[in-house]
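Okay, run-v4.txt is below, compact mmCIF, C-alpha atoms:
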```
# COMPACT_ATOMS: atom_id res chain seq x y z
CA MET A 112 0.00 0.00 0.00
CA PRO A 113 1.29 3.48 -0.73
CA LEU A 114 2.38 5.71 2.11
CA LEU A 115 0.29 8.85 1.99
CA GLY A 116 1.83 11.71 3.89
CA ARG A 117 0.10 14.99 4.55
CA LEU A 118 2.27 18.01 5.18
CA LEU A 119 1.24 21.49 6.22
CA VAL A 120 3.94 24.11 6.74
CA VAL A 121 3.25 27.44 8.37
CA ALA A 122 6.13 29.70 9.33
CA ALA A 123 6.41 33.24 10.61
CA ALA A 124 9.16 35.67 11.56
CA ALA A 125 8.88 39.04 13.28
CA SER A 126 9.40 41.02 10.07
CA ALA A 127 8.07 38.65 7.39
CA LYS A 128 5.50 35.89 7.01
CA PHE A 129 5.63 32.69 5.02
CA SER A 130 2.73 30.36 4.61
CA ALA A 131 2.36 27.24 2.52
CA THR A 132 -1.20 26.04 2.92
CA PHE A 133 -1.35 24.11 -0.38
CA ASP A 134 -4.77 25.38 -1.36
CA GLY A 135 -5.93 24.51 -4.87
CA ASP A 136 -3.67 22.36 -7.03
CA SER A 137 -0.38 24.25 -6.73
CA THR A 138 2.64 23.59 -4.52
CA ALA A 139 3.35 27.36 -4.45
CA PRO A 140 5.31 28.91 -2.85
CA CYS A 141 7.21 25.62 -2.87
CA VAL A 142 8.94 24.35 -6.01
CA GLU A 143 9.25 20.72 -7.07
CA SER A 144 12.86 19.73 -7.64
CA THR A 145 13.90 18.88 -11.20
CA ASN A 146 16.77 16.69 -9.96
CA ASP A 147 16.75 13.26 -11.66
CA ARG A 148 16.38 11.60 -8.24
CA TYR A 149 12.84 13.02 -8.04
CA ALA A 150 11.82 12.44 -11.68
CA ASN A 151 8.11 11.79 -12.10
CA GLN A 152 7.39 12.36 -8.42
CA ASP A 153 3.66 12.14 -7.78
CA VAL A 154 2.98 15.22 -5.62
CA GLY A 155 -0.53 16.57 -5.34
CA MET A 156 -2.83 18.64 -3.18
CA VAL A 157 -5.67 17.02 -1.26
CA ASP A 158 -7.85 19.00 1.16
CA GLY A 159 -5.23 21.75 1.58
CA ALA A 160 -2.37 19.32 2.22
CA LEU A 161 0.66 18.31 0.19
CA MET A 162 0.11 14.63 -0.67
CA LEU A 163 3.06 12.31 -1.31
CA ARG A 164 1.48 9.29 -2.90
CA GLU A 165 4.11 6.52 -3.18
CA ALA A 166 5.64 4.52 -0.35
CA ASN A 167 9.43 4.20 -0.11
CA ARG A 168 10.03 7.10 -2.48
CA MET A 169 11.96 10.32 -1.98
CA TYR A 170 10.25 13.59 -2.81
CA GLY A 171 11.84 16.97 -3.45
CA VAL A 172 9.78 20.07 -2.71
CA ALA A 173 11.45 23.25 -1.42
CA ALA A 174 10.88 26.94 -0.80
CA GLU A 175 13.18 29.81 0.06
CA ILE A 176 12.30 31.45 3.36
CA LYS A 177 13.73 34.02 5.74
CA PRO A 178 14.43 33.63 9.49
CA LEU A 179 11.44 31.84 10.95
CA VAL A 180 9.65 29.64 13.41
CA ILE A 181 8.40 26.49 11.71
CA GLN A 182 6.11 23.62 12.54
CA TYR A 183 4.39 21.03 10.41
CA GLU A 184 1.73 18.43 10.79
CA SER A 185 2.17 15.00 9.27
CA THR A 186 -0.52 12.38 8.85
CA LEU A 187 0.86 9.05 7.72
CA THR A 188 -2.37 7.66 6.32
CA ASP A 189 -0.88 4.18 5.84
CA GLY A 190 1.32 4.31 8.95
CA LEU A 191 5.11 4.28 8.81
CA THR A 192 6.96 0.99 8.33
CA CYS A 193 10.08 2.29 6.59
CA GLY A 194 10.68 5.89 5.65
CA GLY A 195 10.98 9.43 6.87
CA ALA A 196 8.73 12.45 7.06
CA TYR A 197 11.28 15.02 8.09
CA VAL A 198 11.91 18.61 7.05
CA LYS A 199 15.31 19.98 6.08
CA LEU A 200 16.01 23.70 6.24
CA LEU A 201 18.63 24.32 3.57
CA GLY A 202 21.49 26.78 3.77
CA ALA A 203 21.69 29.67 1.31
CA PRO A 204 22.32 29.90 -1.53
CA VAL A 205 20.22 27.03 -2.86
CA ASP A 206 18.54 26.46 -6.19
CA THR A 207 15.25 25.07 -4.91
CA SER A 208 14.40 23.59 -8.30
CA LYS A 209 17.50 21.35 -8.21
CA PHE A 210 17.99 20.42 -4.58
CA ASP A 211 18.35 16.76 -3.59
CA ASN A 212 19.20 14.66 -0.54
CA GLU A 213 22.83 15.85 -0.75
CA SER A 214 21.97 19.58 -0.62
CA PRO A 215 23.53 21.05 2.53
CA TYR A 216 21.07 21.75 5.31
CA VAL A 217 21.37 23.64 8.57
CA LEU A 218 18.49 21.96 10.41
CA MET A 219 16.71 18.64 9.95
CA PHE A 220 13.85 17.43 12.08
CA GLY A 221 11.00 14.96 11.96
CA PRO A 222 10.32 11.23 12.17
CA ASP A 223 12.48 8.58 10.51
CA ARG A 224 11.82 4.87 10.86
CA CYS A 225 13.55 2.06 8.97
CA GLY A 226 15.80 -0.80 10.06
CA ALA A 227 17.65 0.21 13.23
CA THR A 228 16.48 3.84 12.93
CA ASP A 229 13.31 4.67 14.85
CA LYS A 230 13.44 8.23 16.11
CA VAL A 231 12.50 11.84 15.62
CA HIS A 232 15.58 13.56 14.20
CA PHE A 233 16.71 16.95 15.40
CA ILE A 234 20.04 17.72 13.72
CA VAL A 235 21.74 21.11 13.62
CA ARG A 236 24.65 21.48 11.20
CA GLN A 237 27.15 24.28 11.58
CA LYS A 238 30.40 25.24 9.95
CA ASN A 239 33.45 25.98 12.09
CA PRO A 240 34.48 29.49 10.95
CA LYS A 241 38.19 28.77 11.52
CA SER A 242 38.61 25.28 10.08
CA GLY A 243 35.72 25.38 7.59
CA LYS A 244 34.70 21.87 8.74
CA TRP A 245 30.98 21.06 9.11
CA TYR A 246 29.69 19.50 12.34
CA GLU A 247 26.37 17.81 13.05
CA HIS A 248 24.77 18.07 16.46
CA HIS A 249 22.15 15.36 17.11
CA LEU A 250 19.45 15.24 19.74
CA ARG A 251 20.40 12.90 22.57
CA ASP A 252 17.73 10.43 23.63
CA ALA A 253 15.52 11.28 20.65
CA PRO A 254 11.90 10.19 21.00
CA ARG A 255 10.64 7.28 18.89
CA ALA A 256 8.86 8.06 15.64
CA LYS A 257 5.07 7.94 15.73
CA ALA A 258 3.99 5.25 13.28
CA HIS A 259 0.24 5.53 13.76
CA ARG A 260 -2.19 7.03 11.27
CA ARG A 261 -3.27 10.08 13.31
CA PRO A 262 -1.99 13.64 12.73
CA HIS A 263 1.17 14.55 14.63
CA LEU A 264 2.57 18.07 15.00
CA TYR A 265 6.33 18.60 14.78
CA THR A 266 8.24 21.69 15.77
CA PRO A 267 12.00 21.98 16.39
CA GLY A 268 11.68 24.43 19.26
```

Using structure tokens, write down the structure that the file contains.
Amino acid sequence: MPLLGRLLVVAAAASAKFSATFDGDSTAPCVESTNDRYANQDVGMVDGALMLREANRMYGVAAEIKPLVIQYESTLTDGLTCGGAYVKLLGAPVDTSKFDNESPYVLMFGPDRCGATDKVHFIVRQKNPKSGKWYEHHLRDAPRAKAHRRPHLYTPG
């Protein structure tokens, strides 16, 4: 059975607002990646939610945003046996139409469950200004991923 994930992103900053409510049939203000990894991805809108229709498939949808507070709700309509429903906040500059799983991110959070992995990620990446080396800081004692079919709200803060 396909894994149907619903995603709603609403973000706000003191000086600017960003909202992706996915009304109608457009992913705007998000852009679907044209990277070959995401070729023919089946992304659609259903009841104001971004719908990812195939199980065990990676999807690439991104938007450029300013400093923010972000949260999202995910409903895994077929549960979660193996996969992730996490959000990555990418570092600038980024071509949102070509990003992929290798695009550098500064924050990643959300559920991931497959094999030995069963947790809610919270990863902050930062570059050492002197050495130029990137470091990842992971949440200790991360909670287990929710695999049920009910809505679950995620926020990194």

Residues near A:Asp153, anyone? I mean within 8 Å using only C-alpha atoms, not counting same-chain ones fewer than 5 positions away, as an mmCIF file with C-alpha atoms, keeping the file's coordinate frame.
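In the end it all went to selection_17.cif:
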```cif
data_model
loop_
_atom_site.group_PDB
_atom_site.id
_atom_site.type_symbol
_atom_site.label_atom_id
_atom_site.label_comp_id
_atom_site.auth_asym_id
_atom_site.auth_seq_id
_atom_site.Cartn_x
_atom_site.Cartn_y
_atom_site.Cartn_z
ATOM 1 C CA LEU A 163 3.060 12.310 -1.310
ATOM 2 C CA ARG A 164 1.480 9.290 -2.900
ATOM 3 C CA GLU A 165 4.110 6.520 -3.180
#
```

Coordinates-based distance that separates atom CA of A:Gly243 from atom CA of A:Pro222 (Å, one decimal):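 Interatomic distance, atom CA of A:Pro222 to atom CA of A:Gly243: 29.4 Å.
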
Atom CA of A:Cys141 sits from atom CA of A:Ala174 at a separation of 4.4 Å

Just to confirm, what's the straight-line distance from atom CA of A:Ala166 to atom CA of A:Tyr265 in Å (one decimal)?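 One can read the atom CA of A:Ala166 to atom CA of A:Tyr265 distance as 20.7 Å.
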
From the options A:Met169, A:Leu218, A:Met162, A:Val198, which residue's atoms come nearest to A:Gln182, counting all atoms listed in the file? A:Val198

From the list A:Arg261, A:Val157, A:Thr188, A:Asn151, which residue is nearest A:Thr138 when using all atoms listed in the file?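 For A:Thr138, the nearest of the candidates is A:Val157.
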
Spatial neighbours of A:Gly159, 9 Å, all atoms listed in the file, chain gap at least 6 places, as a list in words: Leu119, Thr132, Phe133, Asp134, Gly135 and Asp136 of chain A

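Near (21.9, 19.3, 11.4), the residues inside the 6 Å limit, counting all atoms listed in the file, come to Val217, Leu218, Met219, Ile234, Val235, Arg236, Glu247 and His248 of chain A.
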
Counting all atoms listed in the file, which of A:Asp252, A:Asp189, A:Asp147, A:Glu175 gets nearest to A:Pro204?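 Looking only at the distances to A:Pro204, the closest residue turns out to be A:Glu175.
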
Shell around A:Ser144 at 9 Å using only C-alpha atoms, local window under 4 positions removed, as a compact mmCIF listing (two decimals) with C-alpha atoms, in the frame of the given file:
```txt
# COMPACT_ATOMS: atom_id res chain seq x y z
CA ARG A 148 16.38 11.60 -8.24
CA TYR A 149 12.84 13.02 -8.04
CA ALA A 150 11.82 12.44 -11.68
CA TYR A 170 10.25 13.59 -2.81
CA GLY A 171 11.84 16.97 -3.45
CA VAL A 172 9.78 20.07 -2.71
CA ALA A 173 11.45 23.25 -1.42
CA ASP A 206 18.54 26.46 -6.19
CA THR A 207 15.25 25.07 -4.91
CA SER A 208 14.40 23.59 -8.30
CA LYS A 209 17.50 21.35 -8.21
CA PHE A 210 17.99 20.42 -4.58
CA ASP A 211 18.35 16.76 -3.59
```

Proximity to A:Gly226 - best of A:Leu191, A:Leu200, A:Met156, A:Leu250, only C-alpha atoms: A:Leu191

I need the residue nearest A:Trp245 from this list: A:Lys199, A:Arg168, A:Pro215, A:Ser185. Use only C-alpha atoms for the distance. A:Pro215

Which residue out of A:His263, A:Gln237, A:Gly195, A:Gly190 has the minimum interatomic distance to A:Phe220 when all atoms listed in the file are used?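 Residue with the minimum atom-to-atom distance to A:Phe220: A:Gly195.
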